[in-house]
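Student: Got a structure here, written out as structure tokens. Questions coming.
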Amino acid sequence: MTKDVVVLDYGSGNLRSAERALARTGANVTVSADFDTALNAGGLVVPGVGAFAACMAGLTGVRGEQIIGRRLAGGRPVLGICVGMQVLFACGVEHGVETEGCGEWPGTVERLEAPVLPHMGWNTVKVPQDSVLFAGVEEERFYFVHSYGVREWELTPGDGFAQPVVTWAEHGVPFVAAVENGPLMAAQFHPEKSGDAGAVLLKNWVGTL
């Protein structure tokens, strides 16, 4: 059965490379900014590159934060990529300016402390045992391009709620590389640029739809 996936077009992100990579998993992929199309798809991918504030402005311009919130309320899968992951957190701080995010997770996106920025290139990740996204590629490397990240995981487990599966990486300091939280999943790296390992990860996500 073919899975329908929408890549949200809000003016940011590697839309066509994400579209091609997802299509290779066998999914039926559409790039769209349409509210109802994005809301009702089997899976929604939220890409993002550049500045946190610019991505949030673009996202709110297509009511993307409402689409994400309504999808999650109904248990419909969402995958954030790069800044598309960052905007899922409460806020981002760039050059001293704080911008409100979607607030699906608590936490702040802030500049990494490292000798060289941006963090650009291949890096390993520390994958927890119960990861679905990384099944079969736990020891592989993934492609990162960013200067900002989430350095502290602030969500505390609540009664009756499963603790999210958080994968970490390190560049100067540890940072969140990926999160699996029920229907909401995200990666700081670019799976669509991560070769065979990224292809497996995307296929694993499509397999959850």
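Residues are referred to by chain and number: the chain letter is A, B, ... according to the order shown in the structure tokens, the number counts from 1 in that chain, and ligands are numbered separately from 1 in the order shown.
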With a distance cut-off of 12 Å and only C-alpha atoms, select the neighbouring residues of Leu184 (chain A), excluding the residue or stretch itself and same-chain residues fewer than 3 positions from it, and output the selection as a PyMOL selection string.

Tutor: chain A and resi 43-46+68-81+84-85+88-89+104-105+133+164-166+178-181+187+205+208-209

Student: Grab the residues selected above and save them as a compact mmCIF listing (two decimals), in the first residue's frame with N, CA, C and O atoms.

Tutor:
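And here is the file that came out, part.txt:
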```txt
# COMPACT_ATOMS: atom_id res chain seq x y z
N GLY A 43 1.65 11.28 5.97
CA GLY A 43 2.80 11.77 6.70
C GLY A 43 3.17 13.16 6.23
O GLY A 43 2.99 13.49 5.05
N LEU A 44 3.65 14.01 7.13
CA LEU A 44 4.05 15.38 6.80
C LEU A 44 5.53 15.56 7.14
O LEU A 44 5.95 15.26 8.25
N VAL A 45 6.30 16.06 6.16
CA VAL A 45 7.71 16.38 6.39
C VAL A 45 7.85 17.89 6.40
O VAL A 45 7.40 18.58 5.48
N VAL A 46 8.50 18.40 7.47
CA VAL A 46 8.74 19.84 7.61
C VAL A 46 10.25 20.06 7.48
O VAL A 46 10.99 19.83 8.42
N ILE A 68 0.81 21.43 12.08
CA ILE A 68 1.58 20.50 12.92
C ILE A 68 0.79 20.16 14.18
O ILE A 68 0.63 19.00 14.55
N GLY A 69 0.27 21.19 14.86
CA GLY A 69 -0.47 20.97 16.10
C GLY A 69 -1.71 20.11 15.90
O GLY A 69 -1.98 19.20 16.69
N ARG A 70 -2.46 20.38 14.85
CA ARG A 70 -3.68 19.61 14.60
C ARG A 70 -3.36 18.18 14.19
O ARG A 70 -4.06 17.23 14.58
N ARG A 71 -2.30 18.00 13.41
CA ARG A 71 -1.91 16.64 13.03
C ARG A 71 -1.54 15.83 14.28
O ARG A 71 -1.96 14.69 14.45
N LEU A 72 -0.74 16.42 15.15
CA LEU A 72 -0.29 15.70 16.33
C LEU A 72 -1.44 15.40 17.28
O LEU A 72 -1.47 14.35 17.92
N ALA A 73 -2.39 16.32 17.37
CA ALA A 73 -3.57 16.09 18.22
C ALA A 73 -4.35 14.87 17.74
O ALA A 73 -4.99 14.18 18.54
N GLY A 74 -4.27 14.60 16.43
CA GLY A 74 -4.96 13.44 15.87
C GLY A 74 -4.05 12.24 15.69
O GLY A 74 -4.46 11.25 15.05
N GLY A 75 -2.81 12.32 16.19
CA GLY A 75 -1.89 11.20 16.09
C GLY A 75 -1.32 10.98 14.70
O GLY A 75 -0.90 9.87 14.36
N ARG A 76 -1.31 12.04 13.87
CA ARG A 76 -0.82 11.90 12.49
C ARG A 76 0.67 12.27 12.42
O ARG A 76 1.07 13.33 12.88
N PRO A 77 1.48 11.43 11.79
CA PRO A 77 2.93 11.60 11.84
C PRO A 77 3.46 12.88 11.19
O PRO A 77 2.99 13.31 10.14
N VAL A 78 4.47 13.45 11.87
CA VAL A 78 5.19 14.63 11.38
C VAL A 78 6.69 14.35 11.55
O VAL A 78 7.12 13.84 12.58
N LEU A 79 7.48 14.69 10.52
CA LEU A 79 8.93 14.56 10.58
C LEU A 79 9.56 15.91 10.28
O LEU A 79 9.39 16.46 9.19
N GLY A 80 10.30 16.47 11.24
CA GLY A 80 11.02 17.72 11.04
C GLY A 80 12.46 17.43 10.67
O GLY A 80 13.08 16.50 11.21
N ILE A 81 13.02 18.23 9.75
CA ILE A 81 14.40 18.05 9.30
C ILE A 81 15.17 19.35 9.44
O ILE A 81 14.74 20.40 8.97
N GLY A 84 13.71 22.53 10.44
CA GLY A 84 12.37 21.99 10.62
C GLY A 84 12.22 21.19 11.89
O GLY A 84 11.11 21.02 12.40
N MET A 85 13.32 20.70 12.45
CA MET A 85 13.31 20.12 13.79
C MET A 85 13.40 21.22 14.84
O MET A 85 12.66 21.22 15.82
N LEU A 88 10.34 23.08 16.17
CA LEU A 88 9.40 22.33 16.99
C LEU A 88 9.58 22.62 18.48
O LEU A 88 8.70 22.33 19.29
N PHE A 89 10.72 23.20 18.84
CA PHE A 89 11.00 23.51 20.24
C PHE A 89 10.40 24.87 20.63
O PHE A 89 9.85 25.58 19.79
N GLU A 104 6.18 22.42 20.60
CA GLU A 104 5.78 21.02 20.78
C GLU A 104 6.66 20.34 21.83
O GLU A 104 6.23 19.39 22.48
N TRP A 105 7.88 20.80 21.97
CA TRP A 105 8.79 20.35 23.04
C TRP A 105 9.34 21.56 23.75
O TRP A 105 9.57 22.61 23.13
N LEU A 133 13.58 4.87 14.15
CA LEU A 133 14.15 5.60 13.02
C LEU A 133 15.49 5.04 12.57
O LEU A 133 15.78 4.93 11.38
N PRO A 164 10.26 10.21 25.32
CA PRO A 164 10.76 10.20 23.94
C PRO A 164 12.14 9.56 23.82
O PRO A 164 12.93 9.57 24.78
N VAL A 165 12.41 9.00 22.67
CA VAL A 165 13.72 8.44 22.35
C VAL A 165 14.57 9.57 21.77
O VAL A 165 14.25 10.10 20.70
N VAL A 166 15.63 9.94 22.48
CA VAL A 166 16.46 11.08 22.06
C VAL A 166 17.85 10.58 21.66
O VAL A 166 18.53 9.93 22.45
N ALA A 178 18.39 13.79 17.07
CA ALA A 178 17.09 13.30 16.59
C ALA A 178 16.19 13.02 17.78
O ALA A 178 16.67 12.76 18.89
N VAL A 179 14.89 13.08 17.54
CA VAL A 179 13.90 12.79 18.57
C VAL A 179 12.79 11.92 17.96
O VAL A 179 12.35 12.17 16.84
N GLU A 180 12.38 10.90 18.71
CA GLU A 180 11.23 10.07 18.34
C GLU A 180 10.23 10.13 19.49
O GLU A 180 10.50 9.64 20.57
N ASN A 181 9.09 10.77 19.23
CA ASN A 181 8.12 11.07 20.29
C ASN A 181 6.72 10.76 19.77
O ASN A 181 5.96 11.67 19.41
N ALA A 187 14.92 15.18 12.95
CA ALA A 187 16.37 14.98 12.84
C ALA A 187 17.05 16.32 12.59
O ALA A 187 16.60 17.11 11.75
N TRP A 205 10.98 5.70 8.65
CA TRP A 205 9.90 6.63 9.02
C TRP A 205 8.66 6.36 8.21
O TRP A 205 7.54 6.28 8.76
N THR A 208 6.43 3.72 9.38
CA THR A 208 5.58 3.94 10.57
C THR A 208 4.24 4.53 10.20
O THR A 208 3.35 4.62 11.05
N LEU A 209 4.06 4.94 8.93
CA LEU A 209 2.82 5.64 8.55
C LEU A 209 1.66 4.68 8.42
O LEU A 209 1.84 3.51 8.08
```

Student: Using DSSP on the backbone coordinates, identify the residues of region 60-197 of chain A assigned to helix (DSSP H, G or I); present them as a list in words.

Tutor: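 Assigned to helix (DSSP H, G or I), within region 60-197 of chain A: Thr60, Gly61, Gly64, Glu65, Gln66, Ile67, Ile68, Gly69, Arg70, Arg71, Leu72, Ala73, Val83, Gly84, Met85, Gln86, Pro191, Glu192, Lys193, Gly195, Asp196 and Ala197 of chain A.
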
Student: Rank A:Ala38, A:Ile67, A:Val83, A:Ala51 by their smallest atom-to-atom distance to Ala186 (chain A), using only C-alpha atoms, and report the top residue only.

Tutor: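 So, comparing all the options, the nearest one is A:Val83.
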
Student: Which polymer residues have any atom within 9 Å of an atom of Cys82 (chain A), counting only C-alpha atoms, with same-chain residues fewer than 3 positions away left out, as a ChimeraX atom specification?

Tutor: /A:13,46-49,85-86,144-146,186-190

Student: Write the residues of the selection above to a file with N, CA and C atoms, as a short mmCIF file (atom, residue, chain, number, x, y, z; two decimals), in the first residue's frame.

Tutor:
```cif
data_model
loop_
_atom_site.label_atom_id
_atom_site.label_comp_id
_atom_site.auth_asym_id
_atom_site.auth_seq_id
_atom_site.Cartn_x
_atom_site.Cartn_y
_atom_site.Cartn_z
N GLY A 13 13.99 25.21 2.99
CA GLY A 13 14.32 23.78 2.98
C GLY A 13 14.66 23.27 1.60
N VAL A 46 8.50 18.40 7.47
CA VAL A 46 8.74 19.84 7.61
C VAL A 46 10.25 20.06 7.48
N PRO A 47 10.72 20.47 6.29
CA PRO A 47 12.15 20.74 6.12
C PRO A 47 12.48 22.12 6.67
N GLY A 48 13.72 22.55 6.52
CA GLY A 48 14.07 23.89 6.96
C GLY A 48 15.57 24.11 6.91
N VAL A 49 15.98 25.24 6.35
CA VAL A 49 17.38 25.65 6.36
C VAL A 49 17.44 27.13 6.66
N MET A 85 13.32 20.70 12.45
CA MET A 85 13.31 20.12 13.79
C MET A 85 13.40 21.22 14.84
N GLN A 86 14.28 22.18 14.61
CA GLN A 86 14.50 23.22 15.62
C GLN A 86 13.23 24.00 15.94
N PHE A 144 25.48 16.68 8.58
CA PHE A 144 24.99 17.85 9.32
C PHE A 144 25.47 19.14 8.66
N VAL A 145 24.64 20.17 8.72
CA VAL A 145 25.03 21.55 8.35
C VAL A 145 24.26 22.50 9.27
N HIS A 146 24.90 22.94 10.34
CA HIS A 146 24.20 23.85 11.27
C HIS A 146 25.20 24.47 12.25
N ALA A 186 11.94 13.87 14.49
CA ALA A 186 12.72 14.94 13.90
C ALA A 186 14.20 14.58 13.89
N ALA A 187 14.92 15.18 12.95
CA ALA A 187 16.37 14.98 12.84
C ALA A 187 17.05 16.32 12.59
N GLN A 188 18.15 16.57 13.32
CA GLN A 188 18.93 17.79 13.09
C GLN A 188 19.75 17.67 11.81
N PHE A 189 20.18 16.48 11.47
CA PHE A 189 20.95 16.26 10.24
C PHE A 189 20.01 16.18 9.03
N HIS A 190 20.61 16.03 7.86
CA HIS A 190 19.84 15.94 6.62
C HIS A 190 19.82 14.48 6.15
#
```

Student: Excluding region 109-122 of chain A and residues on its chain fewer than 2 positions from it, collect all residues at most 7 Å away from it, counting only C-alpha atoms, and give them as a PyMOL selection string.

Tutor: chain A and resi 86+91-94+107+141-150+171-173

Student: Keeping N, CA, C and O atoms for every residue in the selection just given, could you write it to a file as a compact mmCIF listing (two decimals), in the first residue's frame?

Tutor:
```txt
# COMPACT_ATOMS: atom_id res chain seq x y z
N GLN A 86 14.28 22.18 14.61
CA GLN A 86 14.50 23.22 15.62
C GLN A 86 13.23 24.00 15.94
O GLN A 86 12.97 24.32 17.11
N CYS A 91 11.66 27.79 21.68
CA CYS A 91 12.19 29.05 21.18
C CYS A 91 13.59 28.86 20.61
O CYS A 91 14.26 27.86 20.87
N GLY A 92 14.01 29.85 19.84
CA GLY A 92 15.36 29.89 19.30
C GLY A 92 15.99 31.23 19.61
O GLY A 92 15.31 32.26 19.60
N VAL A 93 17.29 31.23 19.92
CA VAL A 93 18.01 32.47 20.21
C VAL A 93 19.15 32.60 19.21
O VAL A 93 20.06 31.77 19.18
N GLU A 94 19.08 33.64 18.38
CA GLU A 94 20.12 33.91 17.39
C GLU A 94 20.53 35.36 17.49
O GLU A 94 19.68 36.25 17.43
N GLY A 107 12.38 23.68 25.47
CA GLY A 107 13.81 23.73 25.12
C GLY A 107 14.13 24.90 24.22
O GLY A 107 13.26 25.47 23.56
N ARG A 141 27.08 7.11 9.91
CA ARG A 141 27.27 8.55 10.06
C ARG A 141 26.25 9.29 9.20
O ARG A 141 25.80 8.79 8.18
N PHE A 142 25.92 10.51 9.64
CA PHE A 142 24.91 11.31 8.98
C PHE A 142 25.46 12.70 8.70
O PHE A 142 26.40 13.15 9.34
N TYR A 143 24.82 13.40 7.74
CA TYR A 143 25.36 14.66 7.25
C TYR A 143 24.67 15.86 7.91
O TYR A 143 23.46 16.03 7.80
N PHE A 144 25.48 16.68 8.58
CA PHE A 144 24.99 17.85 9.32
C PHE A 144 25.47 19.14 8.66
O PHE A 144 26.58 19.21 8.14
N VAL A 145 24.64 20.17 8.72
CA VAL A 145 25.03 21.55 8.35
C VAL A 145 24.26 22.50 9.27
O VAL A 145 23.10 22.80 9.01
N HIS A 146 24.90 22.94 10.34
CA HIS A 146 24.20 23.85 11.27
C HIS A 146 25.20 24.47 12.25
O HIS A 146 26.27 23.92 12.49
N SER A 147 24.82 25.60 12.81
CA SER A 147 25.59 26.27 13.85
C SER A 147 24.84 26.32 15.17
O SER A 147 25.42 26.68 16.20
N TYR A 148 23.54 26.00 15.12
CA TYR A 148 22.68 26.07 16.30
C TYR A 148 22.07 24.70 16.57
O TYR A 148 21.93 23.88 15.66
N GLY A 149 21.72 24.47 17.81
CA GLY A 149 21.11 23.20 18.17
C GLY A 149 20.52 23.25 19.56
O GLY A 149 20.61 24.27 20.27
N VAL A 150 19.92 22.14 19.96
CA VAL A 150 19.35 22.01 21.30
C VAL A 150 20.36 21.26 22.16
O VAL A 150 20.65 20.09 21.92
N HIS A 171 29.50 18.10 18.73
CA HIS A 171 30.40 18.97 17.98
C HIS A 171 30.76 20.12 18.92
O HIS A 171 30.00 21.07 19.08
N GLY A 172 31.87 19.98 19.60
CA GLY A 172 32.23 20.92 20.65
C GLY A 172 31.48 20.62 21.92
O GLY A 172 32.06 20.49 23.00
N VAL A 173 30.17 20.51 21.82
CA VAL A 173 29.30 20.16 22.94
C VAL A 173 28.27 19.14 22.44
O VAL A 173 28.00 19.06 21.25
```

Student: Quick check for you: according to DSSP on this backbone, which residues of region 20-84 of chain A are classed as strand (DSSP E or B)? Reply as JSON, numbers by chain.

Tutor: {"A": [28, 29, 30, 31, 32, 43, 44, 45, 46, 78, 79, 80, 81]}

Student: Would you mind exporting the chosen residues as a short mmCIF file (atom, residue, chain, number, x, y, z; two decimals), in the first residue's frame, restricted to all heavy atoms?

Tutor:
```cif
data_model
loop_
_atom_site.label_atom_id
_atom_site.label_comp_id
_atom_site.auth_asym_id
_atom_site.auth_seq_id
_atom_site.Cartn_x
_atom_site.Cartn_y
_atom_site.Cartn_z
N ASN A 28 4.28 8.05 -2.10
CA ASN A 28 3.70 9.00 -3.06
C ASN A 28 3.89 10.40 -2.46
O ASN A 28 3.22 10.75 -1.49
CB ASN A 28 2.23 8.68 -3.28
CG ASN A 28 1.57 9.66 -4.22
OD1 ASN A 28 2.19 10.17 -5.14
ND2 ASN A 28 0.29 9.94 -3.98
N VAL A 29 4.80 11.19 -3.02
CA VAL A 29 5.23 12.43 -2.38
C VAL A 29 4.71 13.65 -3.14
O VAL A 29 4.81 13.73 -4.37
CB VAL A 29 6.77 12.50 -2.30
CG1 VAL A 29 7.20 13.72 -1.48
CG2 VAL A 29 7.33 11.23 -1.69
N THR A 30 4.16 14.62 -2.39
CA THR A 30 3.69 15.88 -2.94
C THR A 30 4.36 17.02 -2.17
O THR A 30 4.46 16.96 -0.95
CB THR A 30 2.16 16.02 -2.77
OG1 THR A 30 1.53 14.90 -3.39
CG2 THR A 30 1.65 17.30 -3.40
N VAL A 31 4.83 18.04 -2.90
CA VAL A 31 5.32 19.28 -2.27
C VAL A 31 4.19 20.29 -2.32
O VAL A 31 3.68 20.61 -3.38
CB VAL A 31 6.56 19.82 -3.00
CG1 VAL A 31 6.99 21.15 -2.39
CG2 VAL A 31 7.70 18.81 -2.93
N SER A 32 3.75 20.76 -1.14
CA SER A 32 2.57 21.62 -1.11
C SER A 32 2.59 22.56 0.08
O SER A 32 3.13 22.25 1.14
CB SER A 32 1.30 20.74 -1.05
OG SER A 32 0.14 21.55 -0.98
N GLY A 43 1.65 11.28 5.97
CA GLY A 43 2.80 11.77 6.70
C GLY A 43 3.17 13.16 6.23
O GLY A 43 2.99 13.49 5.05
N LEU A 44 3.65 14.01 7.13
CA LEU A 44 4.05 15.38 6.80
C LEU A 44 5.53 15.56 7.14
O LEU A 44 5.95 15.26 8.25
CB LEU A 44 3.23 16.40 7.58
CG LEU A 44 3.61 17.88 7.33
CD1 LEU A 44 3.22 18.32 5.92
CD2 LEU A 44 2.95 18.79 8.37
N VAL A 45 6.30 16.06 6.16
CA VAL A 45 7.71 16.38 6.39
C VAL A 45 7.85 17.89 6.40
O VAL A 45 7.40 18.58 5.48
CB VAL A 45 8.60 15.76 5.30
CG1 VAL A 45 10.05 16.22 5.47
CG2 VAL A 45 8.52 14.24 5.37
N VAL A 46 8.50 18.40 7.47
CA VAL A 46 8.74 19.84 7.61
C VAL A 46 10.25 20.06 7.48
O VAL A 46 10.99 19.83 8.42
CB VAL A 46 8.24 20.38 8.96
CG1 VAL A 46 8.46 21.89 9.07
CG2 VAL A 46 6.76 20.03 9.16
N VAL A 78 4.47 13.45 11.87
CA VAL A 78 5.19 14.63 11.38
C VAL A 78 6.69 14.35 11.55
O VAL A 78 7.12 13.84 12.58
CB VAL A 78 4.83 15.89 12.19
CG1 VAL A 78 5.69 17.09 11.77
CG2 VAL A 78 3.35 16.22 12.04
N LEU A 79 7.48 14.69 10.52
CA LEU A 79 8.93 14.56 10.58
C LEU A 79 9.56 15.91 10.28
O LEU A 79 9.39 16.46 9.19
CB LEU A 79 9.43 13.52 9.57
CG LEU A 79 10.96 13.36 9.44
CD1 LEU A 79 11.55 12.77 10.72
CD2 LEU A 79 11.32 12.50 8.24
N GLY A 80 10.30 16.47 11.24
CA GLY A 80 11.02 17.72 11.04
C GLY A 80 12.46 17.43 10.67
O GLY A 80 13.08 16.50 11.21
N ILE A 81 13.02 18.23 9.75
CA ILE A 81 14.40 18.05 9.30
C ILE A 81 15.17 19.35 9.44
O ILE A 81 14.74 20.40 8.97
CB ILE A 81 14.45 17.57 7.84
CG1 ILE A 81 13.83 16.17 7.70
CG2 ILE A 81 15.89 17.56 7.31
CD1 ILE A 81 13.74 15.67 6.27
#
```

Student: What is the distance, in Å and to one decimal place, between CA of Gly101 (chain A) and CA of Ser12 (chain A)?

Tutor: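 About the pair CA of Gly101 (chain A) and CA of Ser12 (chain A): they are 15.3 Å apart.
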
Student: Given the choices A:Val97, A:Val6, A:Gly198, A:Cys102, which gets closest to Asn40 (chain A) if the distance is worked out from only C-alpha atoms?

Tutor: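 Looking at the shortest contact to Asn40 (chain A), the residue is A:Val6.
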
Student: Using only C-alpha atoms, which of A:Ser17, A:Asn123, A:Thr99, A:Ser194 sits nearest Ala53 (chain A)?

Tutor: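 So, comparing all the options, the nearest one is A:Thr99.
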
Student: What's the 10 Å shell around Thr25 (chain A), counting only C-alpha atoms, without same-chain residues fewer than 2 positions away, as a list in words?

Tutor: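 Listing them by chain and then by number gives Thr2, Lys3, Arg20, Ala21, Leu22, Ala23, Ala27, Asn28, Val29, Ala199, Val200, Leu201, Leu202, Lys203, Asn204, Trp205, Val206 and Gly207 of chain A.
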
Student: For CA of Glu19 (chain A) and CA of Val7 (chain A), determine how far apart the two atoms are, in Å to one decimal place.

Tutor: 6.8 Å

Student: Excluding same-chain residues fewer than 4 positions from Ala169 (chain A), what lies within 7 Å of it counting only C-alpha atoms, as a compact mmCIF listing (two decimals) with all heavy atoms, in the first residue's frame?

Tutor:
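Below is the file result-v3.txt, written as the result:
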```
# COMPACT_ATOMS: atom_id res chain seq x y z
N THR A 124 28.97 10.90 13.66
CA THR A 124 28.29 9.76 14.26
C THR A 124 27.23 10.25 15.24
O THR A 124 27.24 11.40 15.66
CB THR A 124 29.29 8.86 15.01
OG1 THR A 124 30.00 9.68 15.97
CG2 THR A 124 30.29 8.23 14.05
N VAL A 125 26.33 9.37 15.61
CA VAL A 125 25.27 9.68 16.57
C VAL A 125 25.20 8.58 17.62
O VAL A 125 25.62 7.45 17.37
CB VAL A 125 23.90 9.84 15.87
CG1 VAL A 125 23.91 11.05 14.94
CG2 VAL A 125 23.53 8.60 15.08
N LYS A 126 24.70 8.93 18.80
CA LYS A 126 24.55 7.97 19.89
C LYS A 126 23.07 7.60 19.99
O LYS A 126 22.27 8.36 20.51
CB LYS A 126 25.06 8.57 21.20
CG LYS A 126 26.55 8.91 21.14
CD LYS A 126 27.01 9.65 22.39
CE LYS A 126 28.47 10.05 22.26
NZ LYS A 126 28.91 10.86 23.44
N PRO A 174 27.69 18.35 23.35
CA PRO A 174 26.61 17.45 22.93
C PRO A 174 25.38 18.25 22.52
O PRO A 174 25.10 19.32 23.07
CB PRO A 174 26.31 16.62 24.20
CG PRO A 174 27.52 16.79 25.08
CD PRO A 174 28.04 18.16 24.77
N PHE A 175 24.65 17.72 21.53
CA PHE A 175 23.41 18.34 21.11
C PHE A 175 22.45 17.25 20.63
O PHE A 175 22.86 16.13 20.31
CB PHE A 175 23.64 19.39 20.01
CG PHE A 175 24.19 18.81 18.72
CD1 PHE A 175 23.34 18.34 17.73
CD2 PHE A 175 25.56 18.73 18.52
CE1 PHE A 175 23.83 17.80 16.54
CE2 PHE A 175 26.06 18.18 17.33
CZ PHE A 175 25.19 17.72 16.35
N VAL A 176 21.16 17.59 20.60
CA VAL A 176 20.14 16.64 20.18
C VAL A 176 20.23 16.45 18.66
O VAL A 176 20.10 17.40 17.90
CB VAL A 176 18.73 17.13 20.58
CG1 VAL A 176 17.66 16.19 20.02
CG2 VAL A 176 18.62 17.24 22.10
N ALA A 177 20.44 15.19 18.25
CA ALA A 177 20.56 14.88 16.83
C ALA A 177 19.24 14.40 16.24
O ALA A 177 19.00 14.56 15.04
CB ALA A 177 21.63 13.82 16.60
```

Student: Give me the residues near Gln129 (chain A) as an mmCIF file with C-alpha atoms, in the first residue's frame, where near means some atom within 10 Å (using only C-alpha atoms) and where sequence neighbours in that chain fewer than 4 positions away do not count.

Tutor:
```cif
data_model
loop_
_atom_site.group_PDB
_atom_site.id
_atom_site.type_symbol
_atom_site.label_atom_id
_atom_site.label_comp_id
_atom_site.auth_asym_id
_atom_site.auth_seq_id
_atom_site.Cartn_x
_atom_site.Cartn_y
_atom_site.Cartn_z
ATOM 1 C CA PHE A 134 17.706 4.311 13.235
ATOM 2 C CA ALA A 135 16.932 0.586 12.963
ATOM 3 C CA GLU A 138 22.706 2.716 14.436
ATOM 4 C CA VAL A 165 13.725 8.441 22.355
ATOM 5 C CA THR A 167 19.559 10.547 19.918
#
```

Student: Could you check the closest approach to Glu154 (chain A) for each of A:Val62, A:Ala18, A:Ala33, A:Ala90 and tell me which residue wins, using only C-alpha atoms?

Tutor: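 Looking only at the distances to Glu154 (chain A), the closest residue turns out to be A:Ala90.
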
Student: Find the residue from A:Arg16, A:Arg151, A:His95, A:Arg63 that sits nearest to Phe35 (chain A); use only C-alpha atoms when measuring.

Tutor: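 Of A:Arg16, A:Arg151, A:His95, A:Arg63, the one nearest Phe35 (chain A), counting only C-alpha atoms, is A:Arg63.
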